[in-house]
$ cat coords05.tsv   # TSV, N, CA and C atoms
chain	number	residue	atom	x	y	z
Z	681	MET	N	-40.26	-32.00	-35.71
Z	681	MET	CA	-38.87	-32.27	-35.41
Z	681	MET	C	-38.81	-33.18	-34.19
Z	682	ASN	N	-38.15	-34.29	-34.33
Z	682	ASN	CA	-37.99	-35.20	-33.21
Z	682	ASN	C	-36.83	-34.75	-32.36
Z	683	ARG	N	-37.08	-34.67	-31.06
Z	683	ARG	CA	-36.03	-34.26	-30.12
Z	683	ARG	C	-35.50	-35.51	-29.43
Z	684	PRO	N	-34.20	-35.57	-29.19
Z	684	PRO	CA	-33.65	-36.74	-28.49
Z	684	PRO	C	-34.19	-36.81	-27.07
Z	685	LEU	N	-34.31	-38.03	-26.57
Z	685	LEU	CA	-34.83	-38.21	-25.22
Z	685	LEU	C	-33.83	-37.77	-24.16
Z	686	HIS	N	-32.57	-37.80	-24.47
Z	686	HIS	CA	-31.55	-37.38	-23.51
Z	686	HIS	C	-31.08	-35.98	-23.87
Z	687	ARG	N	-30.59	-35.27	-22.87
Z	687	ARG	CA	-30.09	-33.91	-23.10
Z	687	ARG	C	-28.70	-33.99	-23.70
Z	688	VAL	N	-28.45	-33.12	-24.64
Z	688	VAL	CA	-27.12	-33.04	-25.24
Z	688	VAL	C	-26.29	-32.10	-24.38
Z	689	HIS	N	-25.16	-32.59	-23.92
Z	689	HIS	CA	-24.28	-31.78	-23.09
Z	689	HIS	C	-23.24	-31.11	-23.98
Z	690	THR	N	-23.45	-29.84	-24.24
Z	690	THR	CA	-22.54	-29.08	-25.08
Z	690	THR	C	-21.27	-28.79	-24.31
Z	691	PRO	N	-20.20	-28.44	-25.02
Z	691	PRO	CA	-18.95	-28.10	-24.31
Z	691	PRO	C	-19.15	-26.95	-23.33
Z	692	ARG	N	-19.99	-25.99	-23.66
Z	692	ARG	CA	-20.24	-24.87	-22.76
Z	692	ARG	C	-20.89	-25.34	-21.47
Z	693	ARG	N	-21.87	-26.21	-21.59
Z	693	ARG	CA	-22.57	-26.71	-20.41
Z	693	ARG	C	-21.61	-27.51	-19.53
Z	694	ARG	N	-20.76	-28.32	-20.15
Z	694	ARG	CA	-19.77	-29.09	-19.38
Z	694	ARG	C	-18.76	-28.17	-18.70
Z	695	LEU	N	-18.35	-27.10	-19.38
Z	695	LEU	CA	-17.41	-26.15	-18.81
Z	695	LEU	C	-18.00	-25.47	-17.58
Z	696	LEU	N	-19.23	-25.02	-17.68
Z	696	LEU	CA	-19.87	-24.34	-16.55
Z	696	LEU	C	-20.10	-25.31	-15.39
Z	697	LEU	N	-20.51	-26.52	-15.70
Z	697	LEU	CA	-20.69	-27.52	-14.65
Z	697	LEU	C	-19.35	-27.83	-13.98
Z	698	GLY	N	-18.29	-27.90	-14.76
Z	698	GLY	CA	-16.96	-28.14	-14.20
Z	698	GLY	C	-16.52	-27.03	-13.27
Z	699	VAL	N	-16.80	-25.78	-13.64
Z	699	VAL	CA	-16.43	-24.64	-12.79
Z	699	VAL	C	-17.21	-24.69	-11.49
Z	700	VAL	N	-18.50	-24.98	-11.57
Z	700	VAL	CA	-19.32	-25.06	-10.35
Z	700	VAL	C	-18.82	-26.18	-9.44
Z	701	LEU	N	-18.57	-27.34	-10.01
Z	701	LEU	CA	-18.07	-28.46	-9.20
Z	701	LEU	C	-16.70	-28.14	-8.60
Z	702	LEU	N	-15.86	-27.46	-9.34
Z	702	LEU	CA	-14.55	-27.07	-8.83
Z	702	LEU	C	-14.67	-26.14	-7.63
Z	703	VAL	N	-15.51	-25.14	-7.74
Z	703	VAL	CA	-15.68	-24.18	-6.64
Z	703	VAL	C	-16.27	-24.86	-5.41
Z	704	VAL	N	-17.30	-25.68	-5.60
Z	704	VAL	CA	-17.90	-26.39	-4.47
Z	704	VAL	C	-16.90	-27.35	-3.85
Z	705	GLY	N	-16.14	-28.06	-4.66
Z	705	GLY	CA	-15.13	-28.99	-4.14
Z	705	GLY	C	-14.06	-28.29	-3.33
Z	706	VAL	N	-13.59	-27.15	-3.81
Z	706	VAL	CA	-12.57	-26.39	-3.07
Z	706	VAL	C	-13.14	-25.92	-1.74
Z	707	CYS	N	-14.37	-25.45	-1.73
Z	707	CYS	CA	-14.99	-25.01	-0.47
Z	707	CYS	C	-15.11	-26.17	0.52
Z	708	LEU	N	-15.52	-27.32	0.04
Z	708	LEU	CA	-15.64	-28.48	0.93
Z	708	LEU	C	-14.28	-28.94	1.44
Z	709	LEU	N	-13.25	-28.92	0.58
Z	709	LEU	CA	-11.91	-29.31	1.00
Z	709	LEU	C	-11.37	-28.35	2.06
Z	710	VAL	N	-11.53	-27.07	1.83
Z	710	VAL	CA	-11.05	-26.08	2.80
Z	710	VAL	C	-11.77	-26.27	4.13
Z	711	ASP	N	-13.07	-26.58	4.08
Z	711	ASP	CA	-13.83	-26.82	5.31
Z	711	ASP	C	-13.32	-28.07	6.03
Z	712	ASN	N	-13.04	-29.14	5.27
Z	712	ASN	CA	-12.54	-30.37	5.88
Z	712	ASN	C	-11.13	-30.22	6.45
Z	713	LEU	N	-10.38	-29.26	5.93
Z	713	LEU	CA	-9.03	-29.03	6.46
Z	713	LEU	C	-9.06	-28.18	7.73
Z	714	GLY	N	-10.23	-27.75	8.14
Z	714	GLY	CA	-10.37	-27.03	9.40
Z	714	GLY	C	-10.41	-25.52	9.30
Z	715	PHE	N	-10.40	-24.99	8.10
Z	715	PHE	CA	-10.49	-23.54	7.95
Z	715	PHE	C	-11.95	-23.10	7.96
Z	716	ASP	N	-12.22	-21.96	8.54
Z	716	ASP	CA	-13.59	-21.46	8.59
Z	716	ASP	C	-13.95	-20.57	7.41
Z	717	ILE	N	-13.09	-20.50	6.43
Z	717	ILE	CA	-13.33	-19.62	5.28
Z	717	ILE	C	-14.60	-20.02	4.55
Z	718	SER	N	-14.80	-21.31	4.35
Z	718	SER	CA	-15.95	-21.75	3.56
Z	718	SER	C	-17.27	-21.46	4.24
Z	719	ARG	N	-17.28	-21.35	5.56
Z	719	ARG	CA	-18.53	-21.03	6.25
Z	719	ARG	C	-19.03	-19.66	5.82
Z	720	TYR	N	-18.12	-18.75	5.60
Z	720	TYR	CA	-18.52	-17.44	5.12
Z	720	TYR	C	-18.86	-17.47	3.64
Z	721	LEU	N	-18.20	-18.33	2.91
Z	721	LEU	CA	-18.49	-18.44	1.49
Z	721	LEU	C	-19.87	-19.01	1.21
Z	722	TRP	N	-20.35	-19.88	2.09
Z	722	TRP	CA	-21.66	-20.48	1.88
Z	722	TRP	C	-22.76	-19.43	1.86
Z	723	ASP	N	-22.54	-18.30	2.54
Z	723	ASP	CA	-23.53	-17.23	2.49
Z	723	ASP	C	-23.64	-16.63	1.10
Z	724	TYR	N	-22.60	-16.80	0.30
Z	724	TYR	CA	-22.55	-16.18	-1.01
Z	724	TYR	C	-22.80	-17.15	-2.17
Z	725	TRP	N	-23.33	-18.35	-1.86
Z	725	TRP	CA	-23.58	-19.33	-2.91
Z	725	TRP	C	-24.52	-18.80	-3.99
Z	726	PRO	N	-25.50	-17.94	-3.69
Z	726	PRO	CA	-26.37	-17.47	-4.78
Z	726	PRO	C	-25.62	-16.70	-5.85
Z	727	PHE	N	-24.53	-16.04	-5.48
Z	727	PHE	CA	-23.79	-15.25	-6.45
Z	727	PHE	C	-23.07	-16.14	-7.46
Z	728	LEU	N	-22.76	-17.37	-7.07
Z	728	LEU	CA	-22.21	-18.33	-8.03
Z	728	LEU	C	-23.26	-18.67	-9.09
Z	729	LEU	N	-24.50	-18.88	-8.65
Z	729	LEU	CA	-25.58	-19.15	-9.60
Z	729	LEU	C	-25.84	-17.93	-10.50
Z	730	ILE	N	-25.79	-16.75	-9.91
Z	730	ILE	CA	-26.00	-15.53	-10.69
Z	730	ILE	C	-24.90	-15.39	-11.75
Z	731	ALA	N	-23.66	-15.67	-11.37
Z	731	ALA	CA	-22.55	-15.55	-12.31
Z	731	ALA	C	-22.68	-16.57	-13.44
Z	732	VAL	N	-22.97	-17.82	-13.10
Z	732	VAL	CA	-23.11	-18.86	-14.13
Z	732	VAL	C	-24.30	-18.54	-15.03
Z	733	GLY	N	-25.41	-18.10	-14.45
Z	733	GLY	CA	-26.57	-17.72	-15.26
Z	733	GLY	C	-26.27	-16.55	-16.18
Z	734	GLY	N	-25.55	-15.55	-15.67
Z	734	GLY	CA	-25.18	-14.41	-16.50
Z	734	GLY	C	-24.26	-14.80	-17.64
Z	735	ILE	N	-23.33	-15.71	-17.37
Z	735	ILE	CA	-22.43	-16.19	-18.43
Z	735	ILE	C	-23.23	-16.92	-19.50
Z	736	GLN	N	-24.18	-17.76	-19.08
Z	736	GLN	CA	-24.98	-18.50	-20.06
Z	736	GLN	C	-25.85	-17.56	-20.89
Z	737	LEU	N	-26.33	-16.48	-20.29
Z	737	LEU	CA	-27.13	-15.52	-21.06
Z	737	LEU	C	-26.26	-14.72	-22.02
Z	738	ALA	N	-25.07	-14.35	-21.60
Z	738	ALA	CA	-24.21	-13.50	-22.41
Z	738	ALA	C	-23.51	-14.28	-23.52
Z	739	TRP	N	-23.22	-15.54	-23.29
Z	739	TRP	CA	-22.49	-16.36	-24.24
Z	739	TRP	C	-23.47	-16.88	-25.30
Z	740	PRO	N	-23.23	-16.62	-26.57
Z	740	PRO	CA	-24.17	-17.08	-27.60
Z	740	PRO	C	-24.34	-18.59	-27.55
Z	741	GLY	N	-25.56	-19.02	-27.67
Z	741	GLY	CA	-25.83	-20.45	-27.63
Z	741	GLY	C	-27.25	-20.74	-28.05
Z	742	THR	N	-27.70	-21.93	-27.73
Z	742	THR	CA	-29.05	-22.35	-28.10
Z	742	THR	C	-30.07	-21.74	-27.16
Z	743	TRP	N	-31.33	-21.88	-27.55
Z	743	TRP	CA	-32.43	-21.38	-26.72
Z	743	TRP	C	-32.44	-22.10	-25.37
Z	744	GLU	N	-32.19	-23.39	-25.35
Z	744	GLU	CA	-32.20	-24.15	-24.10
Z	744	GLU	C	-31.08	-23.69	-23.17
Z	745	GLU	N	-29.92	-23.38	-23.70
Z	745	GLU	CA	-28.82	-22.89	-22.87
Z	745	GLU	C	-29.15	-21.52	-22.28
Z	746	ARG	N	-29.72	-20.67	-23.08
Z	746	ARG	CA	-30.10	-19.34	-22.58
Z	746	ARG	C	-31.21	-19.46	-21.54
Z	747	ARG	N	-32.16	-20.35	-21.78
Z	747	ARG	CA	-33.26	-20.55	-20.84
Z	747	ARG	C	-32.73	-21.06	-19.50
Z	748	SER	N	-31.80	-21.99	-19.54
Z	748	SER	CA	-31.25	-22.49	-18.28
Z	748	SER	C	-30.41	-21.41	-17.60
Z	749	GLY	N	-29.74	-20.55	-18.37
Z	749	GLY	CA	-29.01	-19.43	-17.79
Z	749	GLY	C	-29.94	-18.45	-17.11
Z	750	PHE	N	-31.07	-18.17	-17.74
Z	750	PHE	CA	-32.06	-17.27	-17.13
Z	750	PHE	C	-32.59	-17.87	-15.84
Z	751	TRP	N	-32.85	-19.17	-15.86
Z	751	TRP	CA	-33.38	-19.84	-14.66
Z	751	TRP	C	-32.35	-19.81	-13.53
Z	752	LEU	N	-31.08	-20.06	-13.84
Z	752	LEU	CA	-30.03	-19.98	-12.82
Z	752	LEU	C	-29.94	-18.56	-12.25
Z	753	LEU	N	-30.08	-17.57	-13.11
Z	753	LEU	CA	-30.05	-16.18	-12.67
Z	753	LEU	C	-31.20	-15.89	-11.71
Z	754	ILE	N	-32.39	-16.34	-12.04
Z	754	ILE	CA	-33.56	-16.11	-11.18
Z	754	ILE	C	-33.40	-16.83	-9.84
Z	755	VAL	N	-32.96	-18.08	-9.87
Z	755	VAL	CA	-32.78	-18.83	-8.62
Z	755	VAL	C	-31.68	-18.20	-7.77
Z	756	GLY	N	-30.62	-17.71	-8.41
Z	756	GLY	CA	-29.54	-17.04	-7.68
Z	756	GLY	C	-30.02	-15.76	-7.02
Z	757	ILE	N	-30.80	-14.98	-7.74
Z	757	ILE	CA	-31.32	-13.74	-7.15
Z	757	ILE	C	-32.26	-14.06	-5.99
Z	758	TRP	N	-33.10	-15.06	-6.17
Z	758	TRP	CA	-34.02	-15.46	-5.09
Z	758	TRP	C	-33.22	-15.96	-3.88
Z	759	GLY	N	-32.16	-16.72	-4.13
Z	759	GLY	CA	-31.32	-17.20	-3.03
Z	759	GLY	C	-30.61	-16.06	-2.31
Z	760	ALA	N	-30.13	-15.06	-3.05
Z	760	ALA	CA	-29.48	-13.90	-2.43
Z	760	ALA	C	-30.46	-13.11	-1.58
Z	761	ILE	N	-31.66	-12.94	-2.09
Z	761	ILE	CA	-32.69	-12.22	-1.32
Z	761	ILE	C	-32.94	-12.94	0.00
Z	762	ASN	N	-33.00	-14.26	-0.04
Z	762	ASN	CA	-33.26	-15.03	1.17
Z	762	ASN	C	-32.05	-15.07	2.10
Z	763	SER	N	-30.88	-15.26	1.55
Z	763	SER	CA	-29.68	-15.39	2.38
Z	763	SER	C	-29.38	-14.12	3.16
Z	764	PHE	N	-29.62	-12.98	2.53
Z	764	PHE	CA	-29.31	-11.71	3.18
Z	764	PHE	C	-30.55	-10.99	3.69
Z	765	GLU	N	-31.70	-11.66	3.57
Z	765	GLU	CA	-32.98	-11.15	4.06
Z	765	GLU	C	-33.27	-9.74	3.57
Z	766	TRP	N	-33.06	-9.54	2.27
Z	766	TRP	CA	-33.37	-8.25	1.66
Z	766	TRP	C	-34.88	-8.10	1.60
Z	767	LEU	N	-35.34	-6.88	1.76
Z	767	LEU	CA	-36.76	-6.53	1.71
Z	767	LEU	C	-37.57	-7.28	2.76
Z	768	GLY	N	-36.90	-7.76	3.82
Z	768	GLY	CA	-37.60	-8.49	4.88
Z	768	GLY	C	-38.01	-9.89	4.49
Z	769	LEU	N	-37.48	-10.39	3.38
Z	769	LEU	CA	-37.83	-11.73	2.91
Z	769	LEU	C	-36.80	-12.74	3.40
Z	770	HIS	N	-37.27	-13.93	3.71
Z	770	HIS	CA	-36.39	-15.03	4.11
Z	770	HIS	C	-36.99	-16.32	3.57
Z	771	TRP	N	-36.33	-17.44	3.86
Z	771	TRP	CA	-36.76	-18.73	3.29
Z	771	TRP	C	-38.19	-19.07	3.66
Z	772	GLY	N	-38.62	-18.63	4.82
Z	772	GLY	CA	-39.97	-18.99	5.27
Z	772	GLY	C	-41.09	-18.22	4.61
Z	773	ASN	N	-40.83	-17.01	4.12
Z	773	ASN	CA	-41.93	-16.22	3.56
Z	773	ASN	C	-41.75	-15.86	2.09
Z	774	SER	N	-40.67	-16.27	1.46
Z	774	SER	CA	-40.47	-15.88	0.07
Z	774	SER	C	-40.70	-17.02	-0.93
Z	775	TRP	N	-41.08	-18.18	-0.46
Z	775	TRP	CA	-41.25	-19.31	-1.36
Z	775	TRP	C	-42.31	-19.07	-2.44
Z	776	PRO	N	-43.35	-18.24	-2.22
Z	776	PRO	CA	-44.28	-17.99	-3.34
Z	776	PRO	C	-43.61	-17.33	-4.54
Z	777	ILE	N	-42.56	-16.54	-4.31
Z	777	ILE	CA	-41.83	-15.92	-5.41
Z	777	ILE	C	-41.22	-17.02	-6.29
Z	778	PHE	N	-40.70	-18.06	-5.67
Z	778	PHE	CA	-40.12	-19.17	-6.42
Z	778	PHE	C	-41.19	-19.88	-7.24
Z	779	ILE	N	-42.37	-20.08	-6.67
Z	779	ILE	CA	-43.47	-20.73	-7.39
Z	779	ILE	C	-43.90	-19.88	-8.58
Z	780	ILE	N	-43.96	-18.55	-8.40
Z	780	ILE	CA	-44.32	-17.65	-9.49
Z	780	ILE	C	-43.28	-17.73	-10.61
Z	781	ALA	N	-42.00	-17.71	-10.23
Z	781	ALA	CA	-40.93	-17.79	-11.23
Z	781	ALA	C	-41.00	-19.12	-11.98
Z	782	LEU	N	-41.28	-20.20	-11.28
Z	782	LEU	CA	-41.42	-21.50	-11.93
Z	782	LEU	C	-42.60	-21.51	-12.89
Z	783	GLY	N	-43.70	-20.88	-12.50
Z	783	GLY	CA	-44.86	-20.78	-13.39
Z	783	GLY	C	-44.55	-19.99	-14.63
Z	784	ILE	N	-43.80	-18.90	-14.49
Z	784	ILE	CA	-43.40	-18.11	-15.66
Z	784	ILE	C	-42.53	-18.94	-16.59
Z	785	ARG	N	-41.63	-19.73	-16.00
Z	785	ARG	CA	-40.77	-20.57	-16.85
Z	785	ARG	C	-41.59	-21.60	-17.60
Z	786	VAL	N	-42.57	-22.22	-16.95
Z	786	VAL	CA	-43.41	-23.21	-17.62
Z	786	VAL	C	-44.19	-22.55	-18.75
Z	787	LEU	N	-44.72	-21.34	-18.52
Z	787	LEU	CA	-45.45	-20.63	-19.58
Z	787	LEU	C	-44.55	-20.32	-20.77
Z	788	ILE	N	-43.35	-19.82	-20.50
Z	788	ILE	CA	-42.43	-19.49	-21.58
Z	788	ILE	C	-42.04	-20.74	-22.36
Z	789	ASP	N	-41.80	-21.85	-21.65
Z	789	ASP	CA	-41.48	-23.10	-22.33
Z	789	ASP	C	-42.63	-23.55	-23.22
Z	790	GLY	N	-43.86	-23.42	-22.71
Z	790	GLY	CA	-45.03	-23.81	-23.50
Z	790	GLY	C	-45.20	-22.95	-24.73
Z	791	LEU	N	-44.99	-21.64	-24.58
Z	791	LEU	CA	-45.08	-20.75	-25.73
Z	791	LEU	C	-44.01	-21.06	-26.77
Z	792	ALA	N	-42.80	-21.32	-26.31
Z	792	ALA	CA	-41.71	-21.63	-27.24
Z	792	ALA	C	-41.98	-22.93	-27.97
Z	793	ARG	N	-42.49	-23.92	-27.27
Z	793	ARG	CA	-42.79	-25.21	-27.92
Z	793	ARG	C	-43.93	-25.08	-28.91
Z	794	SER	N	-44.96	-24.30	-28.55
Z	794	SER	CA	-46.08	-24.14	-29.48
Z	794	SER	C	-45.65	-23.36	-30.71
Z	795	ARG	N	-44.75	-22.40	-30.54
Z	795	ARG	CA	-44.25	-21.64	-31.69
Z	795	ARG	C	-43.42	-22.54	-32.59
Z	796	ASN	N	-42.60	-23.42	-31.99
Z	796	ASN	CA	-41.79	-24.34	-32.80
Z	796	ASN	C	-42.65	-25.35	-33.54
Z	797	SER	N	-43.72	-25.83	-32.89
Z	797	SER	CA	-44.57	-26.83	-33.53
Z	797	SER	C	-45.49	-26.19	-34.55
Z	798	ALA	N	-45.76	-24.88	-34.45
Z	798	ALA	CA	-46.66	-24.20	-35.39
Z	798	ALA	C	-45.94	-23.74	-36.64
Z	799	SER	N	-44.61	-23.74	-36.63
Z	799	SER	CA	-43.88	-23.29	-37.82
Z	799	SER	C	-44.10	-24.28	-38.95
Z	800	PRO	N	-44.28	-23.77	-40.17
Z	800	PRO	CA	-44.55	-24.68	-41.28
Z	800	PRO	C	-43.34	-25.52	-41.59
Z	801	PRO	N	-43.56	-26.77	-41.95
Z	801	PRO	CA	-42.42	-27.63	-42.29
Z	801	PRO	C	-41.77	-27.15	-43.57
Z	802	THR	N	-40.47	-27.28	-43.60
Z	802	THR	CA	-39.75	-26.90	-44.81
Z	802	THR	C	-39.75	-28.09	-45.76
Z	803	SER	N	-39.98	-27.79	-46.99
Z	803	SER	CA	-39.98	-28.87	-47.99
Z	803	SER	C	-38.82	-28.65	-48.95
Z	804	GLY	N	-38.59	-29.60	-49.74
Z	804	GLY	CA	-37.52	-29.54	-50.71
Z	804	GLY	C	-37.85	-28.53	-51.80
Z	805	PRO	N	-36.96	-28.38	-52.74
Z	805	PRO	CA	-37.21	-27.42	-53.83
Z	805	PRO	C	-38.41	-27.84	-54.65
Z	806	THR	N	-39.20	-26.85	-55.05
Z	806	THR	CA	-40.36	-27.13	-55.88
Z	806	THR	C	-39.98	-27.08	-57.34
Z	807	GLN	N	-40.68	-27.83	-58.15
Z	807	GLN	CA	-40.37	-27.87	-59.58
Z	807	GLN	C	-41.46	-27.26	-60.37
$ encode --input "coords05.tsv" --output "structure tokens"
Amino acid sequence: MNRPLHRVHTPRRRLLLGVVLLVVGVCLLVDNLGFDISRYLWDYWPFLLIAVGGIQLAWPGTWEERRSGFWLLIVGIWGAINSFEWLGLHWGNSWPIFIIALGIRVLIDGLARSRNSASPPTSGPTQ
């Protein structure tokens, strides 16, 4: 199966990207208007990633959409752990967790691709 070189942006992906851009834009606008509300919100940025990742996992879609949702969920959890220094972890000492998660994602992608390429090709009706 030939895959297109560019990513297809589904309506779901555009919707989630629009929500993220909207939230970030509102935070930046509020900050530029002189309110300190966004400074406190920046501490909670990982929860935006967790929410978007959870929505992508829960909402039926393609394997790629679910995979990106899982990745957003993992990055959001890692960011929350660092932002709030849970378990004594912070940005300086938790980066190996990110490398491990990235390695797991690469392995899963490789397994999924090998499974897709190993499936027998479908042929037309036999006579």
$ closest_residue --input "coords05.tsv" --among "Z:Ile779, Z:Ala738, Z:Val732, Z:Val706" --to "Gly756 in chain Z" --atoms "only C-alpha atoms"
Z:Val732
$ residues_near_point --input "coords05.tsv" --point "(-25.9, -19.8, -4.1)" --cutoff "9 Å" --atoms "only C-alpha atoms" --output "list in words"
Trp722, Asp723, Tyr724, Trp725, Pro726, Phe727, Leu728, Leu729, Ile730, Val755, Gly756, Ile757, Gly759, Ala760 and Ser763 of chain Z
$ atom_distance --input "coords05.tsv" --atom1 "atom N of Glu744 in chain Z" --atom2 "CA of Leu787 in chain Z"
14.7 Å
$ closest_residue --input "coords05.tsv" --among "Z:Leu752, Z:Ile717, Z:Arg747, Z:Leu782" --to "Gly733 in chain Z" --atoms "only N, CA and C atoms"
Z:Leu752
$ select_by_dssp --input "coords05.tsv" --residues "range 695-776 of chain Z" --states "alpha helix (DSSP H)" --output "VMD selection string"
chain Z and resid 695 to 712 717 to 721 725 to 738 743 to 763 775 to 776
$ residues_around --input "coords05.tsv" --residues "Phe750 in chain Z" --least-positions-apart "3" --cutoff "7 Å" --atoms "all atoms listed in the file" --output "list in words"
Gly733, Gly734, Gln736, Leu737, Glu745, Arg746, Arg747, Leu753, Ile754 and Val755 of chain Z
$ atom_distance --input "coords05.tsv" --atom1 "atom C of Gly790 in chain Z" --atom2 "atom N of Ile777 in chain Z"
21.6 Å
$ atom_distance --input "coords05.tsv" --atom1 "CA of Val786 in chain Z" --atom2 "CA of Trp751 in chain Z"
11.0 Å
$ closest_residue --input "coords05.tsv" --among "Z:Ile761, Z:Val710, Z:Leu697, Z:Val704" --to "Trp775 in chain Z" --atoms "only C-alpha atoms"
Z:Ile761
$ closest_residue --input "coords05.tsv" --among "Z:Gly741, Z:Gly772, Z:Leu709, Z:Leu767" --to "Pro691 in chain Z" --atoms "only C-alpha atoms"
Z:Gly741
